file coords_39.cif (mmCIF, C-alpha atoms)
data_input
#
loop_
_atom_site.label_atom_id
_atom_site.label_comp_id
_atom_site.auth_asym_id
_atom_site.auth_seq_id
_atom_site.Cartn_x
_atom_site.Cartn_y
_atom_site.Cartn_z
CA MET A 520 98.84 66.29 84.90
CA PHE A 521 99.18 69.36 82.66
CA ASP A 522 98.21 68.57 79.09
CA TYR A 523 100.44 70.84 77.03
CA LYS A 524 98.53 69.95 73.87
CA LYS A 525 95.33 71.50 75.26
CA HIS A 526 96.92 74.57 76.82
CA GLY A 527 98.65 77.10 74.61
CA GLN A 528 100.47 80.29 75.46
CA ILE A 529 98.93 82.66 77.97
CA ASN A 530 96.59 84.92 76.02
CA PRO A 531 94.28 86.83 78.37
CA PRO A 532 91.17 88.57 77.02
CA ALA A 533 91.31 92.27 76.27
CA ARG A 534 90.05 94.17 79.31
CA LEU A 535 89.77 97.82 80.25
CA LEU A 536 90.44 97.82 83.99
CA MET A 537 88.47 100.73 85.44
CA GLY A 538 88.12 99.43 88.97
CA PRO A 539 90.07 100.28 92.13
CA GLY A 540 93.17 98.46 90.86
CA PRO A 541 95.00 96.82 89.33
CA ILE A 542 94.80 98.83 86.14
CA ASN A 543 96.16 98.26 82.65
CA ALA A 544 99.92 98.71 82.81
CA ASP A 545 101.47 101.38 80.62
CA PRO A 546 102.88 99.68 77.49
CA ARG A 547 106.24 101.35 78.15
CA VAL A 548 106.39 99.57 81.51
CA LEU A 549 105.62 96.22 79.90
CA ARG A 550 108.33 96.83 77.31
CA ALA A 551 110.85 97.65 80.03
CA MET A 552 109.93 94.43 81.82
CA SER A 553 110.71 92.40 78.70
CA ALA A 554 114.38 93.45 78.83
CA GLN A 555 117.07 90.81 79.28
CA LEU A 556 118.20 89.79 82.77
CA VAL A 557 121.64 90.58 84.16
CA GLY A 558 123.38 89.31 87.29
CA GLN A 559 122.45 90.92 90.57
CA TYR A 560 125.96 92.35 91.05
CA ASP A 561 126.52 93.34 87.45
CA PRO A 562 127.43 97.06 87.37
CA ALA A 563 124.45 97.62 85.04
CA MET A 564 122.14 96.11 87.65
CA THR A 565 123.54 98.03 90.61
CA ASP A 566 123.37 101.20 88.55
CA TYR A 567 119.68 100.49 87.87
CA MET A 568 119.16 99.97 91.60
CA ASN A 569 120.77 103.33 92.39
CA GLU A 570 118.77 105.04 89.65
CA THR A 571 115.56 103.54 91.02
CA MET A 572 116.36 104.88 94.49
CA SER A 573 116.91 108.37 93.04
CA LEU A 574 113.72 108.29 90.95
CA TYR A 575 111.55 107.28 93.90
CA ARG A 576 112.99 110.04 96.07
CA ASP A 577 111.32 112.42 93.63
CA ILE A 578 108.13 110.33 93.59
CA PHE A 579 107.93 110.45 97.40
CA GLN A 580 109.12 114.10 97.52
CA THR A 581 111.91 113.24 99.95
CA GLN A 582 115.65 113.41 100.48
CA ASN A 583 115.62 110.12 102.37
CA GLN A 584 118.69 108.05 101.52
CA TRP A 585 116.81 104.81 102.14
CA THR A 586 114.27 104.90 99.33
CA LEU A 587 114.12 101.51 97.62
CA LEU A 588 112.00 98.54 96.56
CA ILE A 589 110.60 95.59 98.47
CA ASP A 590 110.23 92.55 96.25
CA GLY A 591 106.59 91.54 96.51
CA THR A 592 103.22 93.22 96.28
CA SER A 593 102.31 96.40 98.12
CA ARG A 594 101.33 94.23 101.09
CA ALA A 595 104.92 92.97 101.26
CA ALA A 596 106.10 96.56 101.59
CA ILE A 597 103.57 97.21 104.35
CA GLU A 598 104.65 94.11 106.23
CA ALA A 599 108.36 94.92 105.88
CA CYS A 600 107.85 98.34 107.43
CA LEU A 601 105.67 97.13 110.29
CA VAL A 602 107.41 93.88 111.23
CA SER A 603 110.82 95.57 111.17
CA ALA A 604 109.77 98.50 113.38
CA ILE A 605 107.44 96.82 115.87
CA ASN A 606 108.99 95.12 118.88
CA PRO A 607 106.71 92.65 120.65
CA GLY A 608 104.65 94.59 123.16
CA ASP A 609 105.01 97.98 121.44
CA LYS A 610 101.88 100.09 121.47
CA VAL A 611 100.66 100.85 117.95
CA LEU A 612 97.77 103.21 117.20
CA ILE A 613 95.81 102.56 114.00
CA PRO A 614 92.97 104.79 112.78
CA VAL A 615 90.59 102.57 110.80
CA PHE A 616 88.28 104.08 108.17
CA GLY A 617 88.11 101.15 105.74
CA ARG A 618 89.37 97.66 104.97
CA PHE A 619 93.04 98.55 104.84
CA GLY A 620 93.13 99.98 108.35
CA HIS A 621 91.99 96.53 109.43
CA LEU A 622 94.86 95.07 107.38
CA LEU A 623 97.40 97.24 109.21
CA THR A 624 95.85 96.07 112.46
CA GLU A 625 96.23 92.40 111.56
CA ILE A 626 99.86 92.77 110.46
CA ALA A 627 100.74 94.74 113.60
CA GLU A 628 99.05 92.12 115.80
CA ARG A 629 100.99 89.35 114.05
CA ALA A 630 104.19 91.29 114.80
CA GLY A 631 103.30 91.17 118.51
CA ALA A 632 102.12 94.74 118.92
CA ASP A 633 99.74 95.98 121.57
CA VAL A 634 97.33 97.44 119.02
CA HIS A 635 94.93 100.26 119.78
CA THR A 636 92.40 101.32 117.15
CA ILE A 637 90.01 104.18 116.63
CA GLU A 638 87.32 103.88 113.98
CA ALA A 639 85.45 106.23 111.67
CA PRO A 640 82.36 105.24 109.68
CA TRP A 641 83.23 103.95 106.22
CA GLY A 642 82.93 106.92 103.89
CA GLN A 643 84.44 109.39 106.34
CA VAL A 644 87.96 110.28 107.52
CA PHE A 645 89.43 111.45 110.83
CA PRO A 646 89.90 115.07 111.86
CA ALA A 647 93.52 115.53 112.89
CA SER A 648 92.35 116.53 116.36
CA VAL A 649 90.81 113.09 116.95
CA ILE A 650 94.05 111.31 116.03
CA LYS A 651 96.10 113.69 118.17
CA GLU A 652 93.88 113.05 121.18
CA ALA A 653 94.22 109.32 120.68
CA ILE A 654 98.02 109.67 120.56
CA LYS A 655 97.97 111.59 123.84
CA LYS A 656 95.81 108.89 125.42
CA VAL A 657 97.54 105.76 124.08
CA LYS A 658 101.15 107.05 123.96
CA PRO A 659 102.05 104.64 121.16
CA THR A 660 105.46 103.84 119.74
CA MET A 661 103.97 104.07 116.25
CA LEU A 662 101.02 105.59 114.43
CA ALA A 663 100.19 103.43 111.39
CA ILE A 664 97.71 104.95 108.96
CA VAL A 665 96.39 104.57 105.43
CA GLN A 666 96.36 107.67 103.23
CA GLY A 667 93.93 106.49 100.54
CA ASP A 668 91.68 103.53 101.24
CA THR A 669 90.20 102.15 98.02
CA SER A 670 87.54 100.20 99.90
CA THR A 671 85.84 103.50 100.73
CA THR A 672 87.56 105.82 98.17
CA MET A 673 88.46 108.20 101.03
CA LEU A 674 91.70 110.18 101.42
CA GLN A 675 92.92 110.79 104.97
CA PRO A 676 94.60 114.20 105.50
CA LEU A 677 98.12 113.78 106.88
CA GLU A 678 99.52 117.30 106.95
CA GLU A 679 99.16 117.90 110.70
CA LEU A 680 100.21 114.48 111.94
CA GLY A 681 103.94 114.23 111.28
CA GLU A 682 105.10 117.20 113.32
CA PHE A 683 102.84 116.15 116.20
CA CYS A 684 104.22 112.61 116.12
CA ARG A 685 107.82 113.87 116.09
CA LYS A 686 107.18 116.09 119.11
CA ASN A 687 105.68 113.14 120.97
CA GLY A 688 108.31 110.55 120.03
CA VAL A 689 105.93 108.55 117.82
CA LEU A 690 106.99 106.91 114.56
CA LEU A 691 104.57 107.65 111.71
CA TYR A 692 104.09 104.95 109.06
CA CYS A 693 101.74 105.49 106.10
CA ASP A 694 100.39 103.14 103.42
CA ALA A 695 100.07 105.21 100.22
CA THR A 696 99.49 102.31 97.82
CA ALA A 697 96.23 103.61 96.37
CA SER A 698 96.95 107.33 96.50
CA ILE A 699 100.53 108.12 95.47
CA VAL A 700 101.05 110.22 92.30
CA GLY A 701 97.29 110.59 91.97
CA ASN A 702 97.17 112.73 95.11
CA PRO A 703 99.85 114.81 96.86
CA MET A 704 102.33 112.88 99.04
CA LEU A 705 104.94 115.19 100.61
CA VAL A 706 107.03 112.87 102.77
CA ASP A 707 109.58 115.39 103.99
CA GLU A 708 107.24 118.37 104.34
CA TRP A 709 104.72 116.27 106.27
CA GLN A 710 107.49 114.63 108.37
CA LEU A 711 106.45 111.05 107.66
CA ASP A 712 108.85 108.38 108.93
CA ALA A 713 108.01 105.50 106.60
CA VAL A 714 105.80 105.30 103.54
CA SER A 715 105.11 102.32 101.29
CA CYS A 716 103.18 101.88 98.08
CA GLY A 717 102.72 99.63 95.04
CA LEU A 718 102.84 99.99 91.28
CA GLN A 719 99.39 98.75 90.26
CA LYS A 720 97.35 101.89 90.72
CA CYS A 721 98.33 105.48 89.82
CA LEU A 722 101.95 104.51 89.06
CA GLY A 723 100.66 102.56 86.07
CA GLY A 724 102.45 99.24 86.48
CA PRO A 725 101.73 95.67 87.55
CA SER A 726 101.52 94.44 91.10
CA GLY A 727 104.72 92.87 92.38
CA SER A 728 107.07 95.59 93.66
CA GLY A 729 106.64 97.80 96.71
CA PRO A 730 108.52 101.12 96.77
CA ILE A 731 109.25 102.42 100.27
CA THR A 732 110.99 105.41 101.78
CA LEU A 733 112.40 105.55 105.32
CA SER A 734 113.45 108.57 107.36
CA ASP A 735 116.75 108.64 109.25
CA ASN A 736 114.68 108.49 112.43
CA PHE A 737 112.97 105.28 111.28
CA VAL A 738 116.24 103.71 110.13
CA GLU A 739 117.90 104.48 113.46
CA HIS A 740 114.99 102.75 115.19
CA ILE A 741 115.12 99.55 113.11
CA ARG A 742 118.94 99.40 113.08
CA LYS A 743 118.77 98.57 116.78
CA ARG A 744 117.55 95.15 115.62
CA HIS A 745 120.25 94.73 112.97
CA HIS A 746 121.27 91.16 112.24
CA VAL A 747 123.62 89.60 109.68
CA GLU A 748 123.11 86.00 108.64
CA ALA A 749 125.70 83.37 109.41
CA GLY A 750 127.59 82.51 106.26
CA ILE A 751 127.90 86.09 105.08
CA ARG A 752 128.77 87.73 108.40
CA ALA A 753 132.24 89.31 108.56
CA ASP A 754 134.31 90.58 111.49
CA HIS A 755 133.31 94.21 110.91
CA HIS A 756 129.57 93.48 111.10
CA GLN A 757 127.89 94.41 114.36
CA GLU A 758 124.72 92.89 115.74
CA GLY A 759 121.97 95.11 117.10
CA GLU A 760 120.96 94.89 120.73
CA GLY A 761 117.22 94.69 120.10
CA THR A 762 115.07 91.63 119.53
CA ARG A 763 115.60 89.91 116.20
CA ILE A 764 113.04 90.86 113.56
CA ARG A 765 110.56 88.00 113.24
CA SER A 766 110.76 87.78 109.45
CA ASN A 767 113.91 87.05 107.47
CA TYR A 768 112.51 88.06 104.10
CA PHE A 769 111.03 91.32 105.41
CA ASP A 770 114.00 92.23 107.65
CA LEU A 771 114.55 95.83 106.59
CA PRO A 772 118.02 96.29 108.16
CA MET A 773 119.25 93.31 106.13
CA ILE A 774 117.51 94.65 103.01
CA LEU A 775 119.17 98.03 103.57
CA ASP A 776 122.55 96.25 103.68
CA TYR A 777 121.70 94.75 100.28
CA TRP A 778 120.82 98.15 98.79
CA SER A 779 123.88 99.79 100.37
CA GLU A 780 127.24 100.15 98.67
CA GLU A 781 128.35 96.95 100.43
CA ARG A 782 125.67 94.97 98.52
CA LEU A 783 125.57 92.44 101.33
CA ASN A 784 123.54 89.54 99.95
CA HIS A 785 120.02 89.13 101.23
CA HIS A 786 118.02 87.76 98.29
CA THR A 787 118.23 87.86 94.53
CA GLU A 788 116.64 91.12 93.43
CA ALA A 789 113.54 90.68 91.25
CA THR A 790 115.21 92.14 88.18
CA THR A 791 112.17 92.31 85.91
CA MET A 792 110.08 94.02 88.59
CA LEU A 793 112.89 96.50 89.21
CA TYR A 794 112.87 97.35 85.51
CA GLY A 795 109.13 97.90 85.71
CA ALA A 796 109.25 99.98 88.89
CA ARG A 797 112.04 102.12 87.47
CA GLU A 798 110.02 102.74 84.30
CA CYS A 799 106.87 103.60 86.28
CA ALA A 800 108.73 106.33 88.14
CA ARG A 801 110.54 107.55 85.03
CA ILE A 802 107.26 107.97 83.13
CA VAL A 803 105.61 109.91 85.97
CA LEU A 804 108.58 112.22 86.39
CA GLN A 805 108.87 112.73 82.63
CA GLU A 806 105.23 113.86 82.65
CA GLY A 807 105.92 115.94 85.76
CA LEU A 808 104.65 114.91 89.18
CA ASP A 809 102.33 117.91 89.50
CA ASN A 810 101.03 117.26 85.98
CA CYS A 811 100.41 113.60 86.83
CA ILE A 812 98.41 114.55 89.90
CA ALA A 813 96.47 117.15 87.89
CA ARG A 814 95.70 114.52 85.22
CA HIS A 815 94.23 112.22 87.86
CA GLN A 816 92.24 115.13 89.28
CA LEU A 817 90.82 116.02 85.84
CA HIS A 818 89.77 112.54 84.76
CA GLY A 819 88.59 111.54 88.23
CA HIS A 820 86.44 114.68 88.34
CA ALA A 821 85.03 113.98 84.89
CA MET A 822 84.16 110.42 85.89
CA ALA A 823 82.47 111.54 89.11
CA LYS A 824 80.48 114.24 87.31
CA GLY A 825 79.42 111.77 84.66
CA LEU A 826 78.26 109.18 87.16
CA SER A 827 76.39 111.77 89.20
CA ALA A 828 74.64 113.04 86.06
CA MET A 829 73.29 109.51 85.49
CA ASN A 830 71.26 109.87 88.69
CA LEU A 831 73.79 107.86 90.70
CA GLU A 832 74.51 108.91 94.29
CA LEU A 833 78.22 109.30 95.00
CA PHE A 834 79.38 107.49 98.12
CA GLY A 835 81.12 109.08 101.07
CA ASP A 836 82.43 112.49 102.03
CA GLN A 837 83.25 114.03 98.65
CA SER A 838 85.45 116.68 100.24
CA HIS A 839 87.85 113.91 101.30
CA LYS A 840 87.71 111.62 98.27
CA MET A 841 90.74 110.33 96.37
CA THR A 842 91.06 111.86 92.91
CA ASN A 843 91.58 108.47 91.29
CA VAL A 844 88.61 106.35 92.38
CA VAL A 845 84.95 107.17 92.99
CA GLY A 846 82.32 105.16 94.80
CA VAL A 847 78.65 105.18 93.79
CA ASN A 848 75.67 103.66 95.56
CA ILE A 849 74.13 100.87 93.48
CA PRO A 850 70.62 102.13 92.62
CA ALA A 851 67.51 100.32 93.75
CA GLY A 852 66.28 97.77 91.27
CA ILE A 853 69.72 97.14 89.76
CA ASP A 854 71.55 93.87 90.39
CA GLY A 855 75.03 95.25 91.00
CA GLU A 856 76.93 92.03 90.46
CA GLU A 857 75.00 91.09 87.33
CA LEU A 858 75.71 94.50 85.82
CA ARG A 859 79.42 94.15 86.61
CA LYS A 860 79.42 90.70 84.99
CA VAL A 861 77.78 91.90 81.78
CA LEU A 862 79.99 94.99 81.71
CA LEU A 863 83.04 92.72 81.85
CA LEU A 864 81.94 89.98 79.46
CA ASP A 865 80.08 92.06 76.86
CA PHE A 866 81.97 95.36 77.00
CA GLY A 867 85.36 94.18 78.31
CA ILE A 868 85.29 96.75 81.12
CA GLU A 869 85.95 95.94 84.77
CA ILE A 870 84.73 98.02 87.69
CA GLY A 871 84.77 97.00 91.36
CA THR A 872 82.39 96.42 94.20
CA SER A 873 83.67 96.79 97.78
CA PHE A 874 84.23 94.85 100.99
CA GLY A 875 82.69 94.31 104.40
CA PRO A 876 79.74 96.60 105.13
CA LEU A 877 79.90 98.00 101.59
CA ALA A 878 79.96 94.68 99.73
CA GLY A 879 77.25 94.69 97.08
CA LYS A 880 76.18 98.23 98.04
CA ILE A 881 78.56 100.38 96.02
CA TRP A 882 80.54 100.23 92.81
CA ARG A 883 84.04 101.63 92.71
CA VAL A 884 85.20 103.16 89.44
CA GLY A 885 88.85 104.05 89.02
CA THR A 886 90.75 106.44 86.77
CA MET A 887 94.34 105.52 87.52
CA GLY A 888 97.73 105.58 85.90
CA TYR A 889 97.66 104.68 82.21
CA ASN A 890 93.85 104.49 82.38
CA ALA A 891 93.41 108.08 83.59
CA ARG A 892 92.49 109.27 80.11
CA LYS A 893 89.57 110.98 78.40
CA ASP A 894 88.79 108.06 76.10
CA THR A 895 88.62 105.54 78.95
CA VAL A 896 86.33 107.80 80.97
CA LEU A 897 83.92 108.32 78.08
CA THR A 898 83.98 104.65 77.07
CA THR A 899 83.18 103.53 80.62
CA LEU A 900 80.39 106.07 81.05
CA ALA A 901 78.82 105.06 77.73
CA ALA A 902 78.85 101.38 78.62
CA LEU A 903 77.42 102.01 82.09
CA GLU A 904 74.68 104.19 80.63
CA THR A 905 73.63 101.41 78.27
CA LEU A 906 73.41 98.80 81.02
CA LEU A 907 71.70 101.09 83.51
CA ARG A 908 69.02 102.03 80.98
CA ILE A 909 68.48 98.35 80.12
CA GLY A 910 68.09 97.68 83.85
CA GLY A 911 65.37 100.33 84.15
CA HIS A 912 67.36 103.05 85.92
CA SER A 913 65.91 106.45 85.04
CA PHE A 914 68.02 109.40 83.88
CA THR A 915 68.39 111.71 80.89
CA ALA A 916 69.95 110.00 77.89
CA SER A 917 73.63 110.84 77.36
CA ALA A 918 73.68 112.83 80.61
CA GLY A 919 76.84 111.15 81.85
CA ILE A 920 78.80 111.69 78.66
CA MET A 921 77.69 115.32 78.40
CA ALA A 922 78.61 116.06 82.02
CA ALA A 923 82.08 114.62 81.51
CA LEU A 924 82.52 116.56 78.28
CA GLU A 925 81.59 119.76 80.12
CA VAL A 926 84.40 119.07 82.61
CA TYR A 927 86.86 118.65 79.77
CA ALA A 928 85.58 121.79 78.02
CA GLU A 929 86.00 123.83 81.18
CA SER A 930 89.56 122.53 81.53
CA ASN A 931 90.32 123.40 77.88
CA SER A 932 91.36 119.76 77.49
CA PHE A 933 89.53 117.96 74.72
CA ASN A 934 92.63 115.88 74.00
CA ASN A 935 93.70 112.86 76.00
CA VAL A 936 96.11 113.95 78.72
#
call {"tool": "encode", "arguments": {"input": "coords_39.cif", "output": "C-alpha cells"}}
result
Amino acid sequence: MFDYKKHGQINPPARLLMGPGPINADPRVLRAMSAQLVGQYDPAMTDYMNETMSLYRDIFQTQNQWTLLIDGTSRAAIEACLVSAINPGDKVLIPVFGRFGHLLTEIAERAGADVHTIEAPWGQVFPASVIKEAIKKVKPTMLAIVQGDTSTTMLQPLEELGEFCRKNGVLLYCDATASIVGNPMLVDEWQLDAVSCGLQKCLGGPSGSGPITLSDNFVEHIRKRHHVEAGIRADHHQEGEGTRIRSNYFDLPMILDYWSEERLNHHTEATTMLYGARECARIVLQEGLDNCIARHQLHGHAMAKGLSAMNLELFGDQSHKMTNVVGVNIPAGIDGEELRKVLLLDFGIEIGTSFGPLAGKIWRVGTMGYNARKDTVLTTLAALETLLRIGGHSFTASAGIMAALEVYAESNSFNNV
C-alpha cells in the first residue's frame, strides 16, 4: 500500500542528459505541456491539430497531407506504420546495421511479414548498390530502414533509395527517430513513402508522441484495409477490401479519419503531448531548420574532436556518423560502467553505453536538441577528463577542452548557439 506520508511530490535529481536520448527537454516545451486541457473537439484543439500537421510538414520537408502524430513513443509510430502497411505474407526487406534494424524486423515479423534481412557490421552502413541488389533479388512489398541508429551512431544514406523503390513498386518506410532535425531528412526529394520519429532526441522534447508523414502512395496502399468501428459507422462509410489491420490502436486508416475534417472518433488525443510536439516543431522552425541542423553539426563536431583529443578512439565509420551522437571505444584499464556511474552520481551527467555486441565496449555521447550547446559540450568534456585521469588514462591535460574550443573558434562561434 502506498504510504502518502513517506512519498512527497515527484522531484527528480538534476541531470544533464548527454547520452543517446532522451535528453533534457527544452523549457519552452515543458511550459507548453503545462497548459490547460480542452475537449478533443473544441475548435481550439482541432486548430492545434491542424497547426501541428502544418508544422511537421516543414520538419519533414514534405507536402504530404497526412503528416500527424501517433500517441505513444517513437516505437508506437514505427509499429503504426508497419502493422498498417504489412499484409500477412508480404515480403519485407530490412537492412540491419544496429539494434533498431532488429527492432523493425521483430515488428514486421509480428505483423505476419515474410521478412528478409541483410546485415552490415555494427559501425558501418550499406552502400546503396547493396540495398538495390537485395531489392532486385527479394522483390519485396516494402523496404523498411533506419536512417540513424543510435546503437552504433551511424547514419544510413537514403538519397538513392526512394526513386529506385518507386520504379520497382516497393514502399519505402524509414525510422528517423534519432536523426531528424539533427541531420537532413528530405522526404519529398528523396521520395520516401512513410517516415516516423519521436520527440526525445534532436527535437528537444520528452518521449511520448510520434510524428509521422505518409505519401499519397502509402495512404492509397493502407486505405485498402480501411475499417470503421461499429457504433460510429455511418451509411456513407465504406469498408476496404483488404485484410483488417491487426491492431486497433495502431490502425492508421482509422487514425487518418480522426485527423481528417470528419474527426471520426478513434481515441482521445493526448492533448498535453500534442502541445509538446507542436512546441518542439515551432522552436525548430523558429530557429530555422538549416540552422538547427548546423547547430547539431557544430556541437557534435566539437564533442567528437574533444573526445578524440583525450586519446579516445572514435567508434565506427566517421564518414557516415550522425551529427548528434558519437561513439568512443572504452579505453583499456577503464571500467566503463563504473565511470558512467560516478559521472552520473557525482557530476550529474549521463552518457550511454550500447547494446548487443557493443555492450560495455563503447560509450555513446549525445549533443541533441536543447543540449546541443557549447556549455554542455565543455562541461561534459571537463567531467570526463577528470574521471579518465583518475582512472589512469593517459592524455595531455585539458586536451579535450582545447580541441573543442578550437572548433568553436574556427566556426566564429564562442557563444552558445
call {"tool": "resolve_selection", "arguments": {"input": "coords_39.cif", "expression": "the PyMOL selection byres ((chain A and resi 581) around 12)", "output": "count of residues only"}}
result
30
call {"tool": "resolve_selection", "arguments": {"input": "coords_39.cif", "expression": "the PyMOL selection byres ((chain A and resi 610-627) around 9)", "output": "PDB file with C-alpha atoms, keeping the file's coordinate frame"}}
result
ATOM      1  CA  ILE A 597     103.570  97.210 104.350  1.00  0.00           C
ATOM      2  CA  GLU A 598     104.650  94.110 106.230  1.00  0.00           C
ATOM      3  CA  LEU A 601     105.670  97.130 110.290  1.00  0.00           C
ATOM      4  CA  VAL A 602     107.410  93.880 111.230  1.00  0.00           C
ATOM      5  CA  ILE A 605     107.440  96.820 115.870  1.00  0.00           C
ATOM      6  CA  PRO A 607     106.710  92.650 120.650  1.00  0.00           C
ATOM      7  CA  GLY A 608     104.650  94.590 123.160  1.00  0.00           C
ATOM      8  CA  ASP A 609     105.010  97.980 121.440  1.00  0.00           C
ATOM      9  CA  GLU A 628      99.050  92.120 115.800  1.00  0.00           C
ATOM     10  CA  ARG A 629     100.990  89.350 114.050  1.00  0.00           C
ATOM     11  CA  ALA A 630     104.190  91.290 114.800  1.00  0.00           C
ATOM     12  CA  GLY A 631     103.300  91.170 118.510  1.00  0.00           C
ATOM     13  CA  ALA A 632     102.120  94.740 118.920  1.00  0.00           C
ATOM     14  CA  ASP A 633      99.740  95.980 121.570  1.00  0.00           C
ATOM     15  CA  VAL A 634      97.330  97.440 119.020  1.00  0.00           C
ATOM     16  CA  HIS A 635      94.930 100.260 119.780  1.00  0.00           C
ATOM     17  CA  THR A 636      92.400 101.320 117.150  1.00  0.00           C
ATOM     18  CA  ILE A 637      90.010 104.180 116.630  1.00  0.00           C
ATOM     19  CA  GLU A 638      87.320 103.880 113.980  1.00  0.00           C
ATOM     20  CA  ALA A 639      85.450 106.230 111.670  1.00  0.00           C
ATOM     21  CA  PRO A 640      82.360 105.240 109.680  1.00  0.00           C
ATOM     22  CA  TRP A 641      83.230 103.950 106.220  1.00  0.00           C
ATOM     23  CA  GLY A 642      82.930 106.920 103.890  1.00  0.00           C
ATOM     24  CA  GLN A 643      84.440 109.390 106.340  1.00  0.00           C
ATOM     25  CA  VAL A 644      87.960 110.280 107.520  1.00  0.00           C
ATOM     26  CA  PHE A 645      89.430 111.450 110.830  1.00  0.00           C
ATOM     27  CA  ILE A 650      94.050 111.310 116.030  1.00  0.00           C
ATOM     28  CA  ALA A 653      94.220 109.320 120.680  1.00  0.00           C
ATOM     29  CA  ILE A 654      98.020 109.670 120.560  1.00  0.00           C
ATOM     30  CA  VAL A 657      97.540 105.760 124.080  1.00  0.00           C
ATOM     31  CA  LYS A 658     101.150 107.050 123.960  1.00  0.00           C
ATOM     32  CA  PRO A 659     102.050 104.640 121.160  1.00  0.00           C
ATOM     33  CA  THR A 660     105.460 103.840 119.740  1.00  0.00           C
ATOM     34  CA  MET A 661     103.970 104.070 116.250  1.00  0.00           C
ATOM     35  CA  LEU A 662     101.020 105.590 114.430  1.00  0.00           C
ATOM     36  CA  ALA A 663     100.190 103.430 111.390  1.00  0.00           C
ATOM     37  CA  ILE A 664      97.710 104.950 108.960  1.00  0.00           C
ATOM     38  CA  VAL A 665      96.390 104.570 105.430  1.00  0.00           C
ATOM     39  CA  ASP A 668      91.680 103.530 101.240  1.00  0.00           C
ATOM     40  CA  THR A 669      90.200 102.150  98.020  1.00  0.00           C
ATOM     41  CA  SER A 670      87.540 100.200  99.900  1.00  0.00           C
ATOM     42  CA  THR A 671      85.840 103.500 100.730  1.00  0.00           C
ATOM     43  CA  THR A 672      87.560 105.820  98.170  1.00  0.00           C
ATOM     44  CA  MET A 673      88.460 108.200 101.030  1.00  0.00           C
ATOM     45  CA  GLN A 675      92.920 110.790 104.970  1.00  0.00           C
ATOM     46  CA  ASP A 694     100.390 103.140 103.420  1.00  0.00           C
ATOM     47  CA  PHE A 874      84.230  94.850 100.990  1.00  0.00           C
ATOM     48  CA  GLY A 875      82.690  94.310 104.400  1.00  0.00           C
TER      49      GLY A 875
END
call {"tool": "residues_near_point", "arguments": {"input": "coords_39.cif", "point": "(67.0, 105.0, 87.2)", "cutoff": "9 Å", "atoms": "all atoms listed in the file", "output": "NGL selection string"}}
result
:A and (829-831 or 850-853 or 907-908 or 910-914)
call {"tool": "residues_around", "arguments": {"input": "coords_39.cif", "residues": "A:Ile881", "least_positions_apart": "5", "cutoff": "10 Å", "atoms": "only C-alpha atoms", "output": "PDB file with C-alpha atoms, in the coordinates of the input"}}
result
ATOM      1  CA  SER A 670      87.540 100.200  99.900  1.00  0.00           C
ATOM      2  CA  THR A 671      85.840 103.500 100.730  1.00  0.00           C
ATOM      3  CA  GLU A 832      74.510 108.910  94.290  1.00  0.00           C
ATOM      4  CA  LEU A 833      78.220 109.300  95.000  1.00  0.00           C
ATOM      5  CA  PHE A 834      79.380 107.490  98.120  1.00  0.00           C
ATOM      6  CA  VAL A 845      84.950 107.170  92.990  1.00  0.00           C
ATOM      7  CA  GLY A 846      82.320 105.160  94.800  1.00  0.00           C
ATOM      8  CA  VAL A 847      78.650 105.180  93.790  1.00  0.00           C
ATOM      9  CA  ASN A 848      75.670 103.660  95.560  1.00  0.00           C
ATOM     10  CA  ILE A 849      74.130 100.870  93.480  1.00  0.00           C
ATOM     11  CA  PRO A 850      70.620 102.130  92.620  1.00  0.00           C
ATOM     12  CA  GLY A 855      75.030  95.250  91.000  1.00  0.00           C
ATOM     13  CA  GLY A 871      84.770  97.000  91.360  1.00  0.00           C
ATOM     14  CA  THR A 872      82.390  96.420  94.200  1.00  0.00           C
ATOM     15  CA  SER A 873      83.670  96.790  97.780  1.00  0.00           C
ATOM     16  CA  PHE A 874      84.230  94.850 100.990  1.00  0.00           C
ATOM     17  CA  PRO A 876      79.740  96.600 105.130  1.00  0.00           C
TER      18      PRO A 876
END
call {"tool": "closest_residue", "arguments": {"input": "coords_39.cif", "among": "A:Glu798, A:Arg547, A:Met841, A:Arg814", "to": "A:Ala695", "atoms": "all atoms listed in the file"}}
result
A:Met841
call {"tool": "resolve_selection", "arguments": {"input": "coords_39.cif", "expression": "the PyMOL selection byres ((chain A and resi 740) around 12)", "output": "CSV table (one decimal) with C-alpha atoms, in the coordinates of the input"}}
result
chain,number,residue,atom,x,y,z
A,600,CYS,CA,107.8,98.3,107.4
A,601,LEU,CA,105.7,97.1,110.3
A,603,SER,CA,110.8,95.6,111.2
A,604,ALA,CA,109.8,98.5,113.4
A,605,ILE,CA,107.4,96.8,115.9
A,606,ASN,CA,109.0,95.1,118.9
A,660,THR,CA,105.5,103.8,119.7
A,661,MET,CA,104.0,104.1,116.2
A,688,GLY,CA,108.3,110.6,120.0
A,689,VAL,CA,105.9,108.6,117.8
A,690,LEU,CA,107.0,106.9,114.6
A,712,ASP,CA,108.8,108.4,108.9
A,713,ALA,CA,108.0,105.5,106.6
A,733,LEU,CA,112.4,105.6,105.3
A,734,SER,CA,113.4,108.6,107.4
A,735,ASP,CA,116.8,108.6,109.2
A,736,ASN,CA,114.7,108.5,112.4
A,737,PHE,CA,113.0,105.3,111.3
A,738,VAL,CA,116.2,103.7,110.1
A,739,GLU,CA,117.9,104.5,113.5
A,741,ILE,CA,115.1,99.6,113.1
A,742,ARG,CA,118.9,99.4,113.1
A,743,LYS,CA,118.8,98.6,116.8
A,744,ARG,CA,117.6,95.2,115.6
A,745,HIS,CA,120.2,94.7,113.0
A,759,GLY,CA,122.0,95.1,117.1
A,760,GLU,CA,121.0,94.9,120.7
A,761,GLY,CA,117.2,94.7,120.1
A,762,THR,CA,115.1,91.6,119.5
A,771,LEU,CA,114.6,95.8,106.6
A,772,PRO,CA,118.0,96.3,108.2
call {"tool": "atom_distance", "arguments": {"input": "coords_39.cif", "atom1": "atom CA of A:Gln757", "atom2": "atom CA of A:Phe769"}}
result
19.3 Å
call {"tool": "closest_residue", "arguments": {"input": "coords_39.cif", "among": "A:Lys524, A:Arg801, A:His818, A:Arg782", "to": "A:Pro562", "atoms": "all atoms listed in the file"}}
result
A:Arg782
call {"tool": "atom_distance", "arguments": {"input": "coords_39.cif", "atom1": "atom CA of A:Ile589", "atom2": "atom CA of A:Met887"}}
result
22.0 Å
